[in-house]
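Chemist: Input input.tsv, format and content: TSV, C-alpha atoms.
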chain	number	residue	atom	x	y	z
A	1	MET	CA	137.34	-46.39	-193.49
A	2	LYS	CA	135.39	-44.35	-190.95
A	3	THR	CA	134.00	-41.21	-192.53
A	4	LYS	CA	132.50	-38.43	-190.42
A	5	GLU	CA	129.04	-39.29	-191.75
A	6	SER	CA	129.29	-43.00	-191.00
A	7	VAL	CA	130.56	-42.27	-187.49
A	8	LYS	CA	127.67	-39.88	-186.85
A	9	ASN	CA	125.12	-42.51	-187.86
A	10	LYS	CA	126.48	-45.02	-185.35
A	11	LEU	CA	126.89	-42.78	-182.32
A	12	SER	CA	124.02	-44.43	-180.54
A	13	GLY	CA	123.17	-48.06	-180.01
A	14	LYS	CA	121.62	-50.42	-177.51
A	15	VAL	CA	123.33	-49.92	-174.14
A	16	ILE	CA	124.64	-53.19	-172.70
A	17	ASN	CA	126.57	-51.94	-169.69
A	18	GLU	CA	126.80	-48.70	-167.72
A	19	ILE	CA	128.45	-47.10	-164.70
A	20	LYS	CA	127.78	-43.80	-162.98
A	21	VAL	CA	130.34	-42.07	-160.81
A	22	LYS	CA	130.18	-38.75	-159.07
A	23	MET	CA	133.04	-37.02	-157.36
A	24	PRO	CA	133.97	-33.63	-155.96
A	25	SER	CA	135.99	-31.41	-158.31
A	26	LEU	CA	139.31	-31.99	-156.54
A	27	SER	CA	142.37	-32.25	-158.77
A	28	VAL	CA	143.43	-35.43	-156.97
A	29	ASN	CA	140.39	-37.11	-158.60
A	30	GLU	CA	141.67	-36.59	-162.15
A	31	GLY	CA	143.71	-39.79	-161.98
A	32	MET	CA	140.85	-41.73	-160.45
A	33	ALA	CA	138.36	-40.58	-163.10
A	34	ARG	CA	140.52	-41.77	-166.01
A	35	SER	CA	141.37	-45.05	-164.23
A	36	VAL	CA	137.68	-45.83	-163.59
A	37	VAL	CA	136.83	-45.29	-167.27
A	38	ALA	CA	139.85	-47.36	-168.35
A	39	ALA	CA	138.73	-50.20	-166.05
A	40	PHE	CA	135.22	-50.09	-167.55
A	41	CYS	CA	136.70	-50.32	-171.08
A	42	ALA	CA	139.07	-53.16	-170.15
A	43	ARG	CA	136.47	-55.89	-170.83
A	44	LEU	CA	136.54	-54.88	-174.51
A	45	ASP	CA	140.12	-56.16	-174.68
A	46	PRO	CA	141.32	-52.80	-175.98
A	47	SER	CA	144.75	-52.06	-177.43
A	48	ALA	CA	147.20	-50.08	-175.30
A	49	ALA	CA	146.73	-47.12	-177.66
A	50	GLU	CA	142.93	-47.19	-177.31
A	51	ILE	CA	143.18	-47.18	-173.51
A	52	ALA	CA	145.75	-44.37	-173.58
A	53	ASP	CA	143.45	-42.37	-175.89
A	54	ILE	CA	140.35	-42.64	-173.71
A	55	LYS	CA	142.30	-41.99	-170.49
A	56	CYS	CA	143.78	-38.82	-171.93
A	57	ALA	CA	140.43	-37.56	-173.26
A	58	VAL	CA	138.69	-38.19	-169.91
A	59	SER	CA	141.53	-36.45	-168.09
A	60	GLU	CA	141.06	-33.36	-170.28
A	61	ALA	CA	137.30	-33.18	-169.74
A	62	VAL	CA	137.56	-33.67	-165.96
A	63	THR	CA	140.36	-31.09	-165.72
A	64	ASN	CA	138.12	-28.61	-167.53
A	65	CYS	CA	135.42	-29.14	-164.88
A	66	ILE	CA	137.95	-28.50	-162.10
A	67	VAL	CA	139.86	-25.60	-163.66
A	68	HIS	CA	137.10	-23.78	-165.53
A	69	ALA	CA	133.57	-24.89	-164.58
A	70	TYR	CA	134.15	-24.85	-160.82
A	71	LYS	CA	137.00	-22.32	-160.78
A	72	ASP	CA	137.80	-21.36	-157.16
A	73	THR	CA	134.94	-23.52	-155.84
A	74	ILE	CA	134.30	-27.22	-155.33
A	75	GLY	CA	131.36	-28.73	-157.18
A	76	VAL	CA	130.25	-32.17	-158.26
A	77	ILE	CA	131.46	-33.90	-161.45
A	78	TYR	CA	129.10	-36.56	-162.81
A	79	ILE	CA	130.57	-39.25	-165.07
A	80	ASN	CA	128.31	-41.67	-166.89
A	81	VAL	CA	129.99	-44.36	-169.01
A	82	LYS	CA	127.96	-46.50	-171.38
A	83	LEU	CA	128.96	-49.42	-173.55
A	84	CYS	CA	126.80	-49.88	-176.63
A	85	GLU	CA	126.55	-53.17	-178.49
A	86	ASN	CA	128.52	-51.87	-181.51
A	87	ARG	CA	131.64	-51.54	-179.27
A	88	LEU	CA	130.99	-47.85	-178.87
A	89	VAL	CA	131.86	-46.35	-175.49
A	90	ARG	CA	130.12	-43.08	-174.59
A	91	VAL	CA	131.58	-41.13	-171.69
A	92	GLU	CA	129.41	-38.28	-170.47
A	93	ILE	CA	131.18	-35.82	-168.18
A	94	LYS	CA	128.84	-33.29	-166.64
A	95	ASP	CA	129.20	-30.33	-164.31
A	96	ARG	CA	126.87	-27.68	-162.95
A	97	GLY	CA	129.49	-24.98	-163.12
A	98	CYS	CA	129.82	-21.66	-164.93
A	99	GLY	CA	129.14	-22.99	-168.45
A	100	ILE	CA	130.85	-21.95	-171.68
A	101	GLU	CA	129.55	-18.84	-173.42
A	102	ASP	CA	131.03	-19.61	-176.82
A	103	VAL	CA	131.61	-23.32	-177.32
A	104	LYS	CA	132.91	-22.93	-180.87
A	105	THR	CA	135.71	-20.60	-179.75
A	106	ALA	CA	136.50	-22.72	-176.68
A	107	ARG	CA	137.08	-25.72	-178.96
A	108	GLN	CA	139.72	-23.92	-181.05
A	109	PRO	CA	143.29	-25.24	-180.59
A	110	LEU	CA	145.38	-23.14	-178.18
A	111	PHE	CA	142.37	-21.10	-177.00
A	112	THR	CA	142.42	-20.61	-173.23
A	113	THR	CA	140.93	-18.18	-170.72
A	114	ASP	CA	143.57	-19.12	-168.17
A	115	ALA	CA	147.02	-18.65	-169.72
A	116	ALA	CA	148.35	-17.29	-166.42
A	117	ASN	CA	148.07	-20.77	-164.91
A	118	GLU	CA	149.82	-22.37	-167.86
A	119	ARG	CA	146.73	-23.91	-169.44
A	120	SER	CA	147.82	-24.92	-172.94
A	121	GLY	CA	144.40	-24.47	-174.56
A	122	MET	CA	144.71	-27.95	-176.09
A	123	GLY	CA	142.11	-29.81	-174.01
A	124	PHE	CA	139.32	-30.01	-176.59
A	125	THR	CA	141.83	-30.63	-179.40
A	126	VAL	CA	143.21	-33.63	-177.48
A	127	MET	CA	139.68	-34.96	-176.84
A	128	GLU	CA	138.81	-34.58	-180.54
A	129	SER	CA	142.04	-36.22	-181.71
A	130	PHE	CA	141.77	-39.19	-179.36
A	131	CYS	CA	138.04	-39.93	-179.77
A	132	ASP	CA	135.78	-40.59	-182.77
A	133	ALA	CA	133.49	-37.71	-181.84
A	134	VAL	CA	133.07	-35.16	-179.06
A	135	ARG	CA	129.79	-33.41	-178.22
A	136	VAL	CA	129.65	-30.32	-176.03
A	137	ARG	CA	126.40	-28.98	-174.58
A	138	SER	CA	126.70	-25.91	-172.42
A	139	ALA	CA	124.66	-23.01	-171.05
A	140	ALA	CA	126.25	-20.02	-169.32
A	141	GLY	CA	125.64	-20.21	-165.58
A	142	LYS	CA	124.13	-23.70	-165.74
A	143	GLY	CA	126.92	-26.08	-166.62
A	144	THR	CA	128.48	-28.16	-169.33
A	145	THR	CA	128.13	-31.73	-170.55
A	146	VAL	CA	130.92	-33.17	-172.68
A	147	THR	CA	130.27	-36.53	-174.33
A	148	LEU	CA	133.19	-38.52	-175.68
A	149	PHE	CA	132.42	-41.21	-178.26
A	150	LYS	CA	135.00	-43.88	-178.94
A	151	PHE	CA	134.74	-47.09	-180.93
A	152	PHE	CA	136.94	-49.97	-179.82
A	153	GLU	CA	138.24	-52.20	-182.60
A	154	GLU	CA	137.32	-55.88	-182.61
A	155	ARG	CA	140.45	-57.92	-181.87
B	1	MET	CA	149.25	-38.42	-146.91
B	2	ILE	CA	148.29	-38.87	-150.54
B	3	LYS	CA	150.83	-40.61	-152.74
B	4	LYS	CA	152.49	-38.33	-155.29
B	5	THR	CA	151.77	-39.39	-158.86
B	6	CYS	CA	154.69	-37.56	-160.46
B	7	LEU	CA	158.15	-37.86	-158.97
B	8	TYR	CA	161.42	-36.51	-160.25
B	9	GLU	CA	165.18	-36.70	-159.87
B	10	THR	CA	167.59	-33.95	-160.78
B	11	LYS	CA	171.18	-33.73	-161.88
B	12	ASN	CA	173.14	-30.53	-162.30
B	13	GLU	CA	176.40	-30.78	-164.23
B	14	ASP	CA	178.41	-28.23	-166.19
B	15	GLY	CA	175.54	-25.77	-166.42
B	16	VAL	CA	173.08	-28.42	-167.57
B	17	LEU	CA	170.13	-29.15	-165.30
B	18	THR	CA	168.51	-32.52	-166.05
B	19	VAL	CA	165.11	-33.24	-164.51
B	20	THR	CA	163.97	-36.85	-164.93
B	21	LEU	CA	160.22	-37.02	-164.42
B	22	ARG	CA	158.54	-40.28	-163.45
B	23	GLY	CA	154.87	-41.27	-163.31
B	24	GLU	CA	151.89	-39.26	-164.46
B	25	ILE	CA	151.72	-35.61	-165.52
B	26	ASP	CA	148.24	-34.16	-165.24
B	27	HIS	CA	146.88	-30.87	-163.90
B	28	HIS	CA	147.08	-32.19	-160.33
B	29	SER	CA	150.74	-33.24	-160.43
B	30	ALA	CA	151.93	-30.45	-162.74
B	31	VAL	CA	151.20	-27.71	-160.20
B	32	SER	CA	153.74	-28.88	-157.61
B	33	VAL	CA	156.34	-30.17	-160.08
B	34	ARG	CA	156.31	-26.86	-161.90
B	35	SER	CA	157.12	-24.78	-158.83
B	36	ASP	CA	159.88	-27.22	-157.81
B	37	ILE	CA	161.53	-27.10	-161.26
B	38	ASP	CA	161.28	-23.30	-161.37
B	39	ALA	CA	162.96	-23.03	-157.96
B	40	LEU	CA	165.80	-25.24	-159.23
B	41	ILE	CA	166.19	-23.14	-162.37
B	42	TYR	CA	166.29	-19.91	-160.38
B	43	GLU	CA	168.83	-21.33	-157.94
B	44	SER	CA	171.21	-23.00	-160.37
B	45	ARG	CA	170.80	-20.70	-163.41
B	46	PRO	CA	171.57	-23.45	-165.95
B	47	ARG	CA	172.40	-22.61	-169.56
B	48	LYS	CA	170.36	-25.64	-170.54
B	49	THR	CA	167.51	-27.52	-168.88
B	50	VAL	CA	166.73	-31.04	-170.05
B	51	LEU	CA	163.36	-32.58	-169.20
B	52	ASP	CA	163.87	-36.34	-169.38
B	53	LEU	CA	160.43	-37.79	-170.14
B	54	SER	CA	161.48	-41.41	-170.70
B	55	GLN	CA	159.83	-42.57	-167.44
B	56	ILE	CA	156.48	-40.82	-168.02
B	57	GLU	CA	153.55	-43.24	-168.04
B	58	PHE	CA	150.79	-40.72	-168.69
B	59	MET	CA	150.63	-37.13	-169.86
B	60	ASP	CA	147.73	-34.92	-170.92
B	61	SER	CA	147.66	-31.30	-172.11
B	62	SER	CA	148.66	-30.11	-168.63
B	63	GLY	CA	152.05	-31.57	-169.49
B	64	LEU	CA	152.17	-29.28	-172.51
B	65	GLY	CA	151.57	-26.33	-170.20
B	66	LEU	CA	154.39	-27.56	-167.97
B	67	ILE	CA	156.80	-27.89	-170.91
B	68	MET	CA	155.81	-24.58	-172.55
B	69	GLY	CA	156.09	-22.71	-169.23
B	70	ARG	CA	159.62	-24.04	-168.54
B	71	TYR	CA	160.60	-23.31	-172.13
B	72	ALA	CA	159.47	-19.69	-171.70
B	73	LEU	CA	161.30	-19.37	-168.37
B	74	MET	CA	164.56	-20.71	-169.81
B	75	GLU	CA	164.24	-18.36	-172.74
B	76	ARG	CA	163.73	-15.35	-170.45
B	77	MET	CA	166.89	-16.36	-168.61
B	78	GLY	CA	168.90	-16.66	-171.80
B	79	GLY	CA	169.05	-20.45	-171.79
B	80	VAL	CA	167.46	-23.32	-173.67
B	81	LEU	CA	165.11	-26.18	-172.83
B	82	THR	CA	165.14	-29.57	-174.51
B	83	LEU	CA	163.16	-32.77	-174.04
B	84	LYS	CA	164.80	-36.16	-173.77
B	85	ASN	CA	163.41	-39.54	-174.85
B	86	PRO	CA	159.66	-38.81	-174.78
B	87	ASN	CA	157.52	-41.88	-175.52
B	88	GLU	CA	155.20	-42.16	-178.51
B	89	ARG	CA	152.17	-40.89	-176.53
B	90	VAL	CA	153.97	-37.79	-175.32
B	91	VAL	CA	155.20	-37.05	-178.85
B	92	LYS	CA	151.64	-37.40	-180.17
B	93	ILE	CA	150.31	-34.71	-177.81
B	94	PHE	CA	153.42	-32.59	-178.36
B	95	GLU	CA	152.90	-32.61	-182.12
B	96	LEU	CA	149.18	-31.75	-181.78
B	97	ALA	CA	150.21	-28.39	-180.32
B	98	GLY	CA	152.87	-27.89	-183.00
B	99	LEU	CA	155.62	-27.76	-180.38
B	100	GLY	CA	157.93	-29.90	-182.50
B	101	ARG	CA	158.88	-26.80	-184.45
B	102	ILE	CA	159.86	-24.89	-181.30
B	103	ILE	CA	161.30	-27.29	-178.75
B	104	LYS	CA	164.14	-29.66	-179.51
B	105	ILE	CA	163.81	-33.37	-178.72
B	106	GLU	CA	166.91	-35.46	-177.97
B	107	ASN	CA	166.59	-39.21	-178.39
B	108	GLU	CA	169.29	-41.56	-177.27
Render the structure in this file as structure tokens.
Modeler:
Amino acid sequence: MKTKESVKNKLSGKVINEIKVKMPSLSVNEGMARSVVAAFCARLDPSAAEIADIKCAVSEAVTNCIVHAYKDTIGVIYINVKLCENRLVRVEIKDRGCGIEDVKTARQPLFTTDAANERSGMGFTVMESFCDAVRVRSAAGKGTTVTLFKFFEER
Amino acid sequence: MIKKTCLYETKNEDGVLTVTLRGEIDHHSAVSVRSDIDALIYESRPRKTVLDLSQIEFMDSSGLGLIMGRYALMERMGGVLTLKNPNERVVKIFELAGLGRIIKIENE
């Protein structure tokens, strides 16, 4: 049984593999971003559900960079994926966009600043539901870094 | 030419518009699909729109926006929207937003 405390204690570990990708914040890259992360995770022999989870979470974080961080502009999205020896995958998705003034509110289910464009406000909720932990670091005007933590079961 | 990641087919019979979506629904693909479906709804004025999701391979929360937006449009026009045969992944995201209480799912 994974409790919140036990998960927190294991969120770091010796890194045994890593990739770094950077891409312009074009919506066409959403599919590529999630496929690259899925390909990185494939060597862990993940279940179909685990792959679907991480793909969906990455898609949410990258979409946030495109729709919110770099709204009406094109910036660079930096993705850093690390595999730790305890089968933990850490996906860091970073932008240098507008930042989030109130992270706690932004993480609330159904909260959105862009309802006019049919944003559901479920991005962070999806990330949290499909990963073991999600960390958000943000400063207004400087950018946001979202880190997704997901353990892959031994099979 | 960049390959489209979400394709669809439509059928319009007896006031029921069925849109069968295929492929991946994310923010990128949802933008164009949404305007196409809206145009169809405005033109054909169906009493019911069915989004057949059985062929969807990937969907994130942008898909929820797409579904909620079409639901609201159908409601404004005095009609209903239902979903048909969503896979387990789609249902999981759907339930996270509590949409199961609002939008009907038909499984066959």
Chemist: Please identify every residue of chain B that has at least one atom no more than 8 Å from any atom of chain A, counting all atoms listed in the file, and report them as an MDAnalysis selection string.
Modeler: chainID B and resid 26:28 58:62 64:66 68:69 89 93 96:97
Chemist: Just give me the gap between atom CA of Lys82 of chain A and atom CA of Glu50 of chain A in Å, one decimal is fine.
Modeler: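 Those two atoms sit 16.1 Å apart.
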Chemist: When you look at Val91 of chain B with a cut-off of 10 Å (counting all atoms listed in the file), what residues show up, excluding the ones that are within fewer than 5 positions of it in the same chain? I need them as a list of chain:residue names.
Modeler: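 The contact residues come out as B:Asn85, B:Pro86, B:Leu96, B:Leu99, B:Gly100, B:Ile105.
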Chemist: May I have the residues within 9 Å of segment 3-7 of chain B as an NGL selection string, using all atoms listed in the file and disregarding those fewer than 2 positions away in the same chain?
Modeler: (:A and (31)) or (:B and (1 or 9 or 20-26 or 28-30 or 33 or 56))
Chemist: Can you measure atom CA of Asn12 of chain B to atom CA of Met77 of chain B for me? One decimal in Å is fine.
Modeler: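 Computing it gives 16.7 Å between the two atoms.
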Chemist: Kindly provide, as a list in words, the polymer residues lying within 7 Å of (131.2, -32.1, -158.2), counting all atoms listed in the file and using the coordinates exactly as they appear in the file.
Modeler: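 Output: Lys22, Met23, Pro24, Ser25, Ile74, Gly75, Val76, Ile77, Tyr78 and Asp95 of chain A.
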Chemist: Using all atoms listed in the file, which residue out of A:Val36, A:Leu11, A:Val146, A:Ala140 lies closest to Val91 of chain A?
Modeler: A:Val146
Chemist: What's the separation between atom CA of Ala38 of chain A and atom CA of Asn86 of chain A, in Å to one decimal place?
Modeler: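 Result for atom CA of Ala38 of chain A versus atom CA of Asn86 of chain A: 17.9 Å, one decimal.
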Chemist: Within 12 Å of Ser12 of chain A, counting all atoms listed in the file, which residues show up once you throw out same-chain ones fewer than 3 positions away? Write them as an NGL selection string, please.
Modeler: :A and (6-9 or 15-16 or 82-90 or 133 or 147-151)
Chemist: Could you please take those selected residues and save C-alpha atoms as a PDB file, in the coordinates of the input?
Modeler:
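Saved the output as selection-v4.pdb:
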ATOM      1  CA  SER A   6     129.290 -43.000-191.000  1.00  0.00           C
ATOM      2  CA  VAL A   7     130.560 -42.270-187.490  1.00  0.00           C
ATOM      3  CA  LYS A   8     127.670 -39.880-186.850  1.00  0.00           C
ATOM      4  CA  ASN A   9     125.120 -42.510-187.860  1.00  0.00           C
ATOM      5  CA  VAL A  15     123.330 -49.920-174.140  1.00  0.00           C
ATOM      6  CA  ILE A  16     124.640 -53.190-172.700  1.00  0.00           C
ATOM      7  CA  LYS A  82     127.960 -46.500-171.380  1.00  0.00           C
ATOM      8  CA  LEU A  83     128.960 -49.420-173.550  1.00  0.00           C
ATOM      9  CA  CYS A  84     126.800 -49.880-176.630  1.00  0.00           C
ATOM     10  CA  GLU A  85     126.550 -53.170-178.490  1.00  0.00           C
ATOM     11  CA  ASN A  86     128.520 -51.870-181.510  1.00  0.00           C
ATOM     12  CA  ARG A  87     131.640 -51.540-179.270  1.00  0.00           C
ATOM     13  CA  LEU A  88     130.990 -47.850-178.870  1.00  0.00           C
ATOM     14  CA  VAL A  89     131.860 -46.350-175.490  1.00  0.00           C
ATOM     15  CA  ARG A  90     130.120 -43.080-174.590  1.00  0.00           C
ATOM     16  CA  ALA A 133     133.490 -37.710-181.840  1.00  0.00           C
ATOM     17  CA  THR A 147     130.270 -36.530-174.330  1.00  0.00           C
ATOM     18  CA  LEU A 148     133.190 -38.520-175.680  1.00  0.00           C
ATOM     19  CA  PHE A 149     132.420 -41.210-178.260  1.00  0.00           C
ATOM     20  CA  LYS A 150     135.000 -43.880-178.940  1.00  0.00           C
ATOM     21  CA  PHE A 151     134.740 -47.090-180.930  1.00  0.00           C
TER      22      PHE A 151
END
Chemist: From the options A:Val136, A:Gly99, A:His68, A:Ser35, which residue's atoms come nearest to Ile54 of chain A, counting all atoms listed in the file?
Modeler: A:Ser35
Chemist: Give the answer as one residue: which of A:Arg34, A:Arg43, A:Lys71, A:Lys94 has the shortest atom-to-atom distance to Arg135 of chain A, using all atoms listed in the file?
Modeler: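 Smallest separation from Arg135 of chain A among the options: A:Lys94.
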Chemist: Would you mind telling me which residue in B:Val90, B:Asp52, B:Val19, B:Glu57 lies nearest to Leu40 of chain B when using all atoms listed in the file?
Modeler: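 The shortest atom-to-atom distance to Leu40 of chain B comes from B:Val19.
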Chemist: Can you complete the atoms of segment 24-40 of chain B to N, CA and C atoms and list them as a CSV table (one decimal), keeping the file's coordinate frame?
Modeler:
chain,number,residue,atom,x,y,z
B,24,GLU,N,153.0,-39.8,-163.7
B,24,GLU,CA,151.9,-39.3,-164.5
B,24,GLU,C,151.9,-37.7,-164.4
B,25,ILE,N,151.8,-37.1,-165.5
B,25,ILE,CA,151.7,-35.6,-165.5
B,25,ILE,C,150.3,-35.2,-165.9
B,26,ASP,N,149.5,-34.7,-164.9
B,26,ASP,CA,148.2,-34.2,-165.2
B,26,ASP,C,148.2,-32.8,-164.5
B,27,HIS,N,147.0,-32.2,-164.5
B,27,HIS,CA,146.9,-30.9,-163.9
B,27,HIS,C,147.2,-30.9,-162.4
B,28,HIS,N,146.8,-32.0,-161.8
B,28,HIS,CA,147.1,-32.2,-160.3
B,28,HIS,C,148.6,-32.2,-160.0
B,29,SER,N,149.3,-33.1,-160.7
B,29,SER,CA,150.7,-33.2,-160.4
B,29,SER,C,151.6,-32.1,-161.0
B,30,ALA,N,151.1,-31.5,-162.1
B,30,ALA,CA,151.9,-30.4,-162.7
B,30,ALA,C,152.1,-29.2,-161.9
B,31,VAL,N,151.1,-28.9,-161.0
B,31,VAL,CA,151.2,-27.7,-160.2
B,31,VAL,C,152.4,-27.7,-159.3
B,32,SER,N,152.6,-28.9,-158.6
B,32,SER,CA,153.7,-28.9,-157.6
B,32,SER,C,155.1,-29.1,-158.3
B,33,VAL,N,155.1,-29.9,-159.4
B,33,VAL,CA,156.3,-30.2,-160.1
B,33,VAL,C,156.9,-28.9,-160.7
B,34,ARG,N,155.9,-28.1,-161.2
B,34,ARG,CA,156.3,-26.9,-161.9
B,34,ARG,C,157.0,-25.9,-160.9
B,35,SER,N,156.5,-25.7,-159.7
B,35,SER,CA,157.1,-24.8,-158.8
B,35,SER,C,158.5,-25.3,-158.4
B,36,ASP,N,158.6,-26.6,-158.2
B,36,ASP,CA,159.9,-27.2,-157.8
B,36,ASP,C,160.9,-27.0,-158.9
B,37,ILE,N,160.6,-27.3,-160.2
B,37,ILE,CA,161.5,-27.1,-161.3
B,37,ILE,C,161.9,-25.6,-161.4
B,38,ASP,N,161.0,-24.7,-161.3
B,38,ASP,CA,161.3,-23.3,-161.4
B,38,ASP,C,162.3,-22.9,-160.3
B,39,ALA,N,162.1,-23.4,-159.1
B,39,ALA,CA,163.0,-23.0,-158.0
B,39,ALA,C,164.4,-23.5,-158.3
B,40,LEU,N,164.5,-24.7,-158.9
B,40,LEU,CA,165.8,-25.2,-159.2
B,40,LEU,C,166.5,-24.4,-160.3
